[in-house]
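The file query10.txt comes next; it holds compact mmCIF, C-alpha atoms.
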# COMPACT_ATOMS: atom_id res chain seq x y z
CA MET A 47 -190.87 -35.54 -60.28
CA ALA A 48 -189.01 -32.28 -60.91
CA ARG A 49 -187.28 -32.01 -64.29
CA ALA A 50 -184.61 -29.82 -65.83
CA PHE A 51 -184.24 -29.49 -69.58
CA VAL A 52 -180.58 -29.44 -70.63
CA PHE A 53 -179.05 -28.57 -73.98
CA PRO A 54 -175.88 -30.01 -75.55
CA GLY A 55 -172.76 -28.17 -76.67
CA GLN A 56 -170.29 -28.50 -79.50
CA GLY A 57 -169.24 -32.04 -80.28
CA SER A 58 -172.79 -33.43 -80.29
CA GLN A 59 -173.37 -32.50 -83.94
CA ALA A 60 -173.63 -35.23 -86.60
CA VAL A 61 -174.65 -35.26 -90.25
CA GLY A 62 -178.32 -36.25 -90.45
CA MET A 63 -179.29 -34.42 -87.26
CA GLY A 64 -182.86 -33.18 -87.44
CA LYS A 65 -183.68 -34.89 -90.73
CA GLU A 66 -186.02 -37.49 -89.22
CA LEU A 67 -187.62 -34.82 -87.03
CA ALA A 68 -188.21 -32.54 -90.02
CA GLY A 69 -189.71 -35.43 -91.96
CA ALA A 70 -192.16 -36.21 -89.18
CA PHE A 71 -193.22 -32.76 -87.95
CA ALA A 72 -194.09 -29.51 -89.74
CA SER A 73 -193.33 -27.66 -86.50
CA ALA A 74 -189.71 -28.86 -86.64
CA ARG A 75 -189.44 -27.79 -90.28
CA GLU A 76 -190.64 -24.33 -89.23
CA VAL A 77 -187.76 -23.99 -86.77
CA PHE A 78 -185.15 -25.06 -89.32
CA GLN A 79 -186.61 -22.63 -91.88
CA GLU A 80 -186.61 -19.75 -89.38
CA VAL A 81 -182.93 -20.39 -88.59
CA ASP A 82 -182.07 -20.65 -92.30
CA ASP A 83 -183.82 -17.33 -92.91
CA ALA A 84 -182.14 -15.63 -89.95
CA LEU A 85 -178.69 -16.65 -91.20
CA SER A 86 -179.40 -16.30 -94.95
CA GLN A 87 -177.87 -19.78 -95.18
CA ARG A 88 -179.24 -23.26 -95.86
CA LEU A 89 -177.96 -24.54 -92.53
CA SER A 90 -180.67 -27.21 -92.43
CA ALA A 91 -179.33 -28.76 -95.65
CA LEU A 92 -175.89 -28.89 -94.05
CA MET A 93 -177.39 -30.54 -90.97
CA PHE A 94 -179.32 -33.13 -92.97
CA GLU A 95 -176.82 -33.91 -95.73
CA GLY A 96 -173.40 -32.59 -94.71
CA PRO A 97 -170.59 -32.52 -95.64
CA GLU A 98 -169.36 -33.25 -92.13
CA SER A 99 -166.30 -31.02 -92.58
CA ASP A 100 -168.59 -27.99 -93.03
CA LEU A 101 -171.02 -28.95 -90.27
CA THR A 102 -168.20 -29.27 -87.73
CA LEU A 103 -166.96 -25.72 -88.44
CA THR A 104 -167.60 -23.82 -85.21
CA GLU A 105 -169.69 -21.12 -86.90
CA ASN A 106 -172.03 -23.80 -88.32
CA ALA A 107 -172.04 -26.36 -85.49
CA GLN A 108 -173.13 -23.82 -82.87
CA PRO A 109 -176.34 -22.52 -84.53
CA ALA A 110 -177.07 -26.02 -85.89
CA LEU A 111 -177.07 -27.58 -82.43
CA MET A 112 -179.32 -24.81 -81.15
CA ALA A 113 -181.72 -25.29 -84.08
CA MET A 114 -181.92 -29.01 -83.38
CA SER A 115 -182.67 -28.44 -79.69
CA LEU A 116 -185.32 -25.81 -80.38
CA ALA A 117 -186.96 -28.00 -83.02
CA VAL A 118 -187.48 -30.65 -80.33
CA LEU A 119 -188.99 -28.01 -78.02
CA ARG A 120 -191.28 -26.70 -80.77
CA VAL A 121 -192.58 -30.22 -81.44
CA LEU A 122 -193.23 -30.80 -77.74
CA ALA A 123 -195.12 -27.50 -77.58
CA LYS A 124 -197.09 -27.58 -80.83
CA ASP A 125 -197.64 -31.30 -81.40
CA GLY A 126 -197.48 -32.44 -77.80
CA GLY A 127 -199.47 -29.51 -76.44
CA LYS A 128 -196.98 -28.90 -73.61
CA ASP A 129 -195.42 -25.57 -72.71
CA LEU A 130 -192.01 -25.40 -71.07
CA THR A 131 -193.27 -24.44 -67.60
CA SER A 132 -195.47 -27.54 -67.47
CA MET A 133 -192.54 -29.82 -68.35
CA CYS A 134 -189.60 -28.50 -66.33
CA SER A 135 -188.55 -26.31 -63.40
CA TYR A 136 -185.10 -25.27 -64.70
CA VAL A 137 -183.07 -25.17 -67.91
CA ALA A 138 -179.32 -25.28 -68.47
CA GLY A 139 -176.98 -25.75 -71.41
CA HIS A 140 -173.38 -26.78 -71.91
CA SER A 141 -171.40 -23.85 -73.38
CA LEU A 142 -173.31 -22.86 -76.56
CA GLY A 143 -176.19 -24.89 -75.10
CA GLU A 144 -176.77 -22.02 -72.68
CA TYR A 145 -178.05 -20.01 -75.65
CA SER A 146 -180.40 -22.90 -76.52
CA ALA A 147 -181.60 -22.94 -72.91
CA LEU A 148 -182.23 -19.19 -72.95
CA CYS A 149 -184.07 -19.45 -76.25
CA ALA A 150 -186.17 -22.34 -74.93
CA ALA A 151 -187.07 -20.23 -71.87
CA GLY A 152 -188.16 -17.29 -74.02
CA SER A 153 -185.27 -15.07 -72.98
CA ILE A 154 -183.70 -14.80 -76.46
CA GLY A 155 -185.65 -15.06 -79.72
CA LEU A 156 -184.87 -17.90 -82.12
CA ALA A 157 -183.55 -15.66 -84.93
CA ASP A 158 -181.43 -13.68 -82.47
CA ALA A 159 -180.03 -16.89 -80.94
CA ALA A 160 -179.07 -18.19 -84.39
CA ARG A 161 -177.31 -14.96 -85.34
CA LEU A 162 -175.56 -14.68 -81.97
CA LEU A 163 -174.25 -18.23 -82.21
CA LYS A 164 -173.04 -17.72 -85.77
CA ARG A 165 -171.18 -14.63 -84.57
CA ARG A 166 -169.92 -16.44 -81.47
CA GLY A 167 -168.57 -19.30 -83.56
CA GLN A 168 -166.80 -16.94 -85.95
CA ALA A 169 -165.36 -14.87 -83.10
CA MET A 170 -164.09 -17.91 -81.19
CA GLN A 171 -162.44 -19.30 -84.31
CA LYS A 172 -160.76 -15.99 -85.15
CA ALA A 173 -159.58 -15.30 -81.59
CA VAL A 174 -156.59 -17.65 -81.89
CA PRO A 175 -154.63 -18.51 -85.07
CA VAL A 176 -154.99 -22.15 -86.16
CA GLY A 177 -152.34 -24.34 -84.55
CA ILE A 178 -151.58 -21.98 -81.67
CA GLY A 179 -154.16 -23.34 -79.24
CA ALA A 180 -155.27 -26.78 -78.08
CA MET A 181 -157.49 -28.58 -75.57
CA ALA A 182 -156.96 -31.83 -73.70
CA ALA A 183 -159.12 -34.08 -71.52
CA LEU A 184 -157.68 -35.22 -68.21
CA LEU A 185 -159.50 -38.46 -67.46
CA GLY A 186 -159.61 -39.50 -63.83
CA ALA A 187 -158.58 -36.04 -62.64
CA THR A 188 -160.36 -33.95 -60.03
CA PRO A 189 -160.85 -30.24 -60.76
CA ALA A 190 -158.21 -29.47 -58.11
CA GLN A 191 -155.70 -31.82 -59.75
CA ALA A 192 -156.43 -30.32 -63.16
CA ALA A 193 -155.92 -26.80 -61.81
CA GLU A 194 -152.57 -27.82 -60.31
CA VAL A 195 -151.44 -29.39 -63.60
CA ALA A 196 -152.55 -26.31 -65.55
CA LYS A 197 -150.70 -23.97 -63.19
CA ASP A 198 -147.47 -26.00 -63.45
CA ALA A 199 -147.75 -26.26 -67.24
CA ALA A 200 -148.47 -22.60 -68.00
CA GLN A 201 -144.91 -21.27 -67.65
CA GLY A 202 -145.90 -17.84 -68.90
CA GLU A 203 -148.44 -19.13 -71.43
CA VAL A 204 -152.17 -19.77 -71.08
CA CYS A 205 -153.23 -23.11 -69.61
CA ASP A 206 -156.66 -22.98 -67.95
CA VAL A 207 -159.24 -25.46 -66.71
CA ALA A 208 -161.99 -25.10 -69.34
CA ASN A 209 -164.65 -27.70 -68.55
CA ASP A 210 -165.52 -29.50 -65.33
CA ASN A 211 -167.79 -31.97 -67.09
CA SER A 212 -168.29 -34.88 -64.69
CA GLU A 213 -166.52 -36.98 -62.13
CA GLY A 214 -163.11 -37.77 -63.60
CA GLN A 215 -163.53 -35.75 -66.80
CA VAL A 216 -161.91 -32.32 -66.73
CA VAL A 217 -160.78 -30.43 -69.84
CA ILE A 218 -157.91 -27.94 -70.04
CA SER A 219 -157.37 -25.31 -72.73
CA GLY A 220 -154.70 -22.84 -73.82
CA ASN A 221 -151.52 -22.51 -75.86
CA ARG A 222 -150.67 -25.79 -77.59
CA THR A 223 -147.17 -25.94 -76.11
CA ALA A 224 -148.59 -25.45 -72.59
CA ILE A 225 -151.22 -28.15 -73.15
CA GLU A 226 -148.50 -30.53 -74.37
CA ARG A 227 -146.55 -29.81 -71.19
CA ALA A 228 -149.69 -30.42 -69.13
CA ILE A 229 -150.14 -33.88 -70.64
CA GLU A 230 -146.61 -34.81 -69.61
CA ILE A 231 -147.05 -33.33 -66.11
CA ALA A 232 -150.36 -35.20 -65.67
CA LYS A 233 -148.48 -38.50 -66.04
CA THR A 234 -146.53 -37.66 -62.88
CA LYS A 235 -149.67 -36.79 -60.87
CA GLY A 236 -151.38 -40.17 -61.06
CA ILE A 237 -153.99 -38.97 -63.57
CA ARG A 238 -155.31 -42.01 -65.41
CA LYS A 239 -155.20 -40.73 -68.99
CA SER A 240 -154.67 -37.45 -70.82
CA MET A 241 -155.53 -36.89 -74.45
CA MET A 242 -155.60 -34.04 -76.95
CA LEU A 243 -159.10 -33.20 -78.22
CA PRO A 244 -159.91 -32.72 -81.93
CA VAL A 245 -161.04 -29.09 -81.65
CA SER A 246 -160.47 -26.13 -83.93
CA ALA A 247 -159.72 -23.58 -81.18
CA PRO A 248 -158.88 -23.45 -77.44
CA PHE A 249 -162.32 -22.72 -76.02
CA HIS A 250 -163.06 -21.42 -72.50
CA CYS A 251 -159.62 -20.06 -71.66
CA ALA A 252 -158.01 -16.63 -71.46
CA LEU A 253 -157.06 -16.78 -75.17
CA MET A 254 -160.79 -16.34 -75.93
CA LYS A 255 -160.91 -12.79 -74.51
CA PRO A 256 -161.12 -11.21 -78.02
CA ALA A 257 -164.21 -13.35 -78.71
CA ALA A 258 -165.77 -12.20 -75.43
CA ASP A 259 -165.28 -8.59 -76.54
CA VAL A 260 -167.02 -9.32 -79.86
CA MET A 261 -169.96 -10.95 -78.08
CA ALA A 262 -170.26 -8.08 -75.60
CA GLU A 263 -170.90 -5.81 -78.57
CA ALA A 264 -173.26 -8.28 -80.28
CA LEU A 265 -175.31 -8.85 -77.13
CA GLU A 266 -175.81 -5.10 -76.68
CA ARG A 267 -177.96 -5.13 -79.81
CA VAL A 268 -180.22 -7.98 -78.62
CA ASP A 269 -183.33 -7.74 -76.46
CA ILE A 270 -183.04 -10.24 -73.60
CA LYS A 271 -186.19 -10.96 -71.58
CA PRO A 272 -186.58 -12.64 -68.18
CA PRO A 273 -186.77 -16.42 -68.77
CA VAL A 274 -190.04 -18.21 -67.97
CA VAL A 275 -188.03 -20.71 -65.87
CA PRO A 276 -184.64 -20.04 -64.22
CA VAL A 277 -181.50 -20.78 -66.25
CA VAL A 278 -178.53 -22.32 -64.44
CA ALA A 279 -175.52 -20.44 -65.81
CA ASN A 280 -172.22 -22.10 -66.78
CA VAL A 281 -170.05 -19.49 -65.07
CA THR A 282 -171.70 -19.58 -61.63
CA ALA A 283 -173.55 -22.93 -61.59
CA GLN A 284 -176.44 -20.91 -60.11
CA PRO A 285 -179.87 -19.97 -61.47
CA VAL A 286 -180.22 -16.56 -63.13
CA ASP A 287 -183.37 -14.80 -64.24
CA THR A 288 -182.53 -11.11 -64.80
CA PRO A 289 -181.61 -9.91 -68.31
CA ALA A 290 -178.61 -7.84 -67.19
CA THR A 291 -177.07 -10.80 -65.33
CA ILE A 292 -177.80 -13.18 -68.20
CA LYS A 293 -176.03 -10.87 -70.65
CA ARG A 294 -173.00 -10.40 -68.37
CA LEU A 295 -172.61 -14.13 -67.78
CA LEU A 296 -172.87 -14.97 -71.49
CA ILE A 297 -169.87 -12.69 -72.06
CA GLU A 298 -167.95 -14.09 -69.10
CA GLN A 299 -168.71 -17.64 -70.22
CA ILE A 300 -166.49 -17.44 -73.31
CA PRO A 301 -163.04 -17.23 -71.61
CA ASN A 302 -164.08 -18.99 -68.38
CA LEU A 303 -164.69 -22.42 -66.92
CA VAL A 304 -167.89 -24.32 -67.80
CA ARG A 305 -169.03 -25.60 -64.39
CA TRP A 306 -171.22 -28.38 -65.73
CA ARG A 307 -170.72 -30.92 -62.92
CA GLU A 308 -171.51 -28.24 -60.34
CA SER A 309 -174.54 -27.10 -62.38
CA VAL A 310 -176.01 -30.60 -62.39
CA LEU A 311 -175.40 -31.00 -58.66
CA GLU A 312 -177.05 -27.61 -58.07
CA LEU A 313 -180.11 -28.78 -59.99
CA LYS A 314 -180.27 -31.87 -57.79
CA LYS A 315 -179.94 -29.73 -54.67
CA ARG A 316 -182.95 -27.74 -55.87
CA GLY A 317 -185.09 -30.86 -56.14
CA VAL A 318 -184.53 -31.91 -59.75
CA THR A 319 -184.68 -35.70 -60.16
CA THR A 320 -184.59 -36.02 -63.97
CA LEU A 321 -182.53 -34.28 -66.63
CA VAL A 322 -184.05 -34.23 -70.12
CA GLU A 323 -181.43 -33.69 -72.83
CA CYS A 324 -183.10 -31.92 -75.77
CA GLY A 325 -181.43 -32.10 -79.15
CA ALA A 326 -178.55 -33.94 -80.77
CA GLY A 327 -176.71 -36.87 -79.19
CA LYS A 328 -176.64 -38.28 -75.67
CA VAL A 329 -173.50 -36.68 -74.23
CA LEU A 330 -175.20 -34.84 -71.37
CA ALA A 331 -177.29 -37.85 -70.35
CA GLN A 332 -174.11 -39.94 -70.17
CA MET A 333 -172.38 -37.24 -68.11
CA THR A 334 -175.33 -37.13 -65.72
CA LYS A 335 -174.91 -40.80 -64.84
CA ARG A 336 -171.26 -40.15 -63.98
CA ILE A 337 -172.03 -37.03 -61.94
CA ASP A 338 -174.73 -38.56 -59.73
CA LYS A 339 -176.13 -42.07 -60.08
CA ASP A 340 -179.34 -41.03 -58.30
CA LEU A 341 -180.30 -38.65 -61.10
CA ALA A 342 -182.31 -39.98 -64.02
CA ALA A 343 -181.42 -38.76 -67.51
CA VAL A 344 -183.17 -39.14 -70.85
CA SER A 345 -182.22 -37.89 -74.33
CA VAL A 346 -184.97 -36.56 -76.60
CA GLY A 347 -183.99 -35.95 -80.21
CA ALA A 348 -185.90 -38.28 -82.54
CA PRO A 349 -189.66 -38.69 -83.12
CA ALA A 350 -189.70 -41.95 -81.12
CA ASP A 351 -187.96 -40.19 -78.21
CA ILE A 352 -190.58 -37.44 -78.23
CA ASP A 353 -193.44 -39.96 -78.22
CA ALA A 354 -191.85 -41.86 -75.33
CA PHE A 355 -191.20 -38.69 -73.34
CA LEU A 356 -194.72 -37.30 -73.80
CA LYS A 357 -196.11 -40.52 -72.32
CA THR A 358 -194.21 -39.81 -69.09
CA LEU A 359 -195.86 -36.40 -68.58

Could you render the structure as structure tokens?
Amino acid sequence: MARAFVFPGQGSQAVGMGKELAGAFASAREVFQEVDDALSQRLSALMFEGPESDLTLTENAQPALMAMSLAVLRVLAKDGGKDLTSMCSYVAGHSLGEYSALCAAGSIGLADAARLLKRRGQAMQKAVPVGIGAMAALLGATPAQAAEVAKDAAQGEVCDVANDNSEGQVVISGNRTAIERAIEIAKTKGIRKSMMLPVSAPFHCALMKPAADVMAEALERVDIKPPVVPVVANVTAQPVDTPATIKRLLIEQIPNLVRWRESVLELKKRGVTTLVECGAGKVLAQMTKRIDKDLAAVSVGAPADIDAFLKTL
């Protein structure tokens, strides 16, 4: 049974994340402390206790979700006695989860990943003034339909396809007025349902170019190593393993489409039969079932999940 470890993106955070794990395992506490130290911030307290309004801020949610994912990995390694290469053949992550995947695969150090994601969150938030941008989910739409809607709605503004998440779930992003037009246009295209998303900025569209420039500079100062297992990149939905390509694609990822559905199908094509979601929530496992019913998916985030997963190895 070939496995891929996958790592969730923004939206999977919740107050209380990691608290049970930290209570059960010293190795998880070590990860949370290392991230706190790297950021000079008690991010773990925010994760465990809230308030939710602070945890959901992009600059906090991104490193917090990475910390949660890497705490699970550290427990599997230290307490379960399993290294990554013995557990999976590939890794991938949804948006910020790509940083978690790279950290898991030894390509980016934990402290560097935390600082990069803090910077990424700040840069993405600052790229567009509050209220100017928006995102919407087009439910029941194909990527081609979503692209057609986005093109018709743009009218000189930005309206891009941002996430191809799963069958029938495509997200668009751009100027709020263009996204509002897209929702109205979608009604005329037979798309089942369109809805605004509660996000603080229009991620993965051309409006994010200033954030990509910030991250290009930040990534220049970080040592990126070849990953111990290939990482399937969001931008290409293909495995990458060279530091220069990894760096380039992390920059390109910010204003471009997250090809998650294609990434999962590529993993299947390469022989993966099970996706193991490491970290907070169960969003990616649920998406997997919608992408391909033949793929198995399991979420590992709590001590009981870790015990159950280790028994399958």

**Study point:** Distance query 12 Å from (-167.9, -8.5, -73.3) using only C-alpha atoms, result as a VMD selection string
**Key:** chain A and resid 166 169 254 to 266 293 to 301

**Study point:** Who sits within 6 Å of region 235-238 of chain A, only C-alpha atoms, same chain under 4 positions skipped, as a list in words
**Key:**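 Result of the neighbour search: Leu185, Gly186 and Ala187 of chain A.
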
Kindly provide the residues of region 253-286 of chain A that approach region 310-330 of chain A to within 10 Å, each paired with its closest atom pair and their distance in Å to one decimal, based on all atoms listed in the file, listed by chain and increasing number, as a Markdown table.
| residue | atom | partner | partner_atom | distance |
| --- | --- | --- | --- | --- |
| A:Val278 | CA | A:Leu313 | CA | 8.0 |
| A:Ala283 | CA | A:Glu312 | CA | 6.8 |
| A:Gln284 | CA | A:Glu312 | CA | 7.0 |
| A:Pro285 | CA | A:Glu312 | CA | 8.8 |

Selected residues written out, C-alpha atoms, as a PDB file, in the frame of the given file:
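Saved as again.pdb:
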ATOM      1  CA  VAL A 278    -178.530 -22.320 -64.440  1.00  0.00           C
ATOM      2  CA  ALA A 283    -173.550 -22.930 -61.590  1.00  0.00           C
ATOM      3  CA  GLN A 284    -176.440 -20.910 -60.110  1.00  0.00           C
ATOM      4  CA  PRO A 285    -179.870 -19.970 -61.470  1.00  0.00           C
TER       5      PRO A 285
END

Practice item. Work out how far CA of Trp306 (chain A) is from CA of Thr188 (chain A), in Å to one decimal. Key: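 Interatomic distance here is 13.5 Å.
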
Point to revise | Selected residue of minimal separation from Arg75 (chain A) among A:Ala107, A:Ala91, A:Val344, A:Val274, counting all atoms listed in the file | key: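 Nearest to Arg75 (chain A): A:Ala91.
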
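The neighbours of Gln87 (chain A) here are the residues that come within 12 Å of it, using only C-alpha atoms and leaving out any residue fewer than 4 positions away in the same chain; they are A:Phe78, A:Gln79, A:Glu80, A:Val81, A:Asp82, A:Asp83, A:Ala91, A:Leu92, A:Met93, A:Glu105, A:Asn106, A:Pro109, A:Ala110, A:Ala160, A:Arg161, A:Lys164.
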
Point to revise | Proximity to Ala224 (chain A) - best of A:Asp125, A:Glu98, A:Asp353, A:Asp198, all atoms listed in the file | key: A:Asp198

Review point. For Val268 (chain A), which residue out of A:Leu130, A:Leu119, A:Ala159, A:Ile352 is the nearest one, using all atoms listed in the file?
Key: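 Going through A:Leu130, A:Leu119, A:Ala159, A:Ile352 one by one, the smallest distance to Val268 (chain A) is for A:Ala159.
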
Review point. Nearest to Ala138 (chain A): which of A:Val176, A:Leu156, A:Leu103, A:Val286 is it, counting all atoms listed in the file?
Key: A:Val286

Review point. With all atoms listed in the file as the atoms that count, which of A:Ala200, A:Ile337, A:Val245, A:Ala151 lies nearest to Gly57 (chain A)?
Key: A:Val245

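Reported to one decimal place, the separation of CA of Thr234 (chain A) from CA of Glu194 (chain A) is 11.8 Å.
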
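Excluding Ala196 (chain A) itself and same-chain residues fewer than 4 positions from it, the residues having an atom within 8 Å of it are Ala192, Ala200, Cys205, Asp206, Val207, Ile218, Ile225 and Ala228 of chain A, counting only C-alpha atoms.
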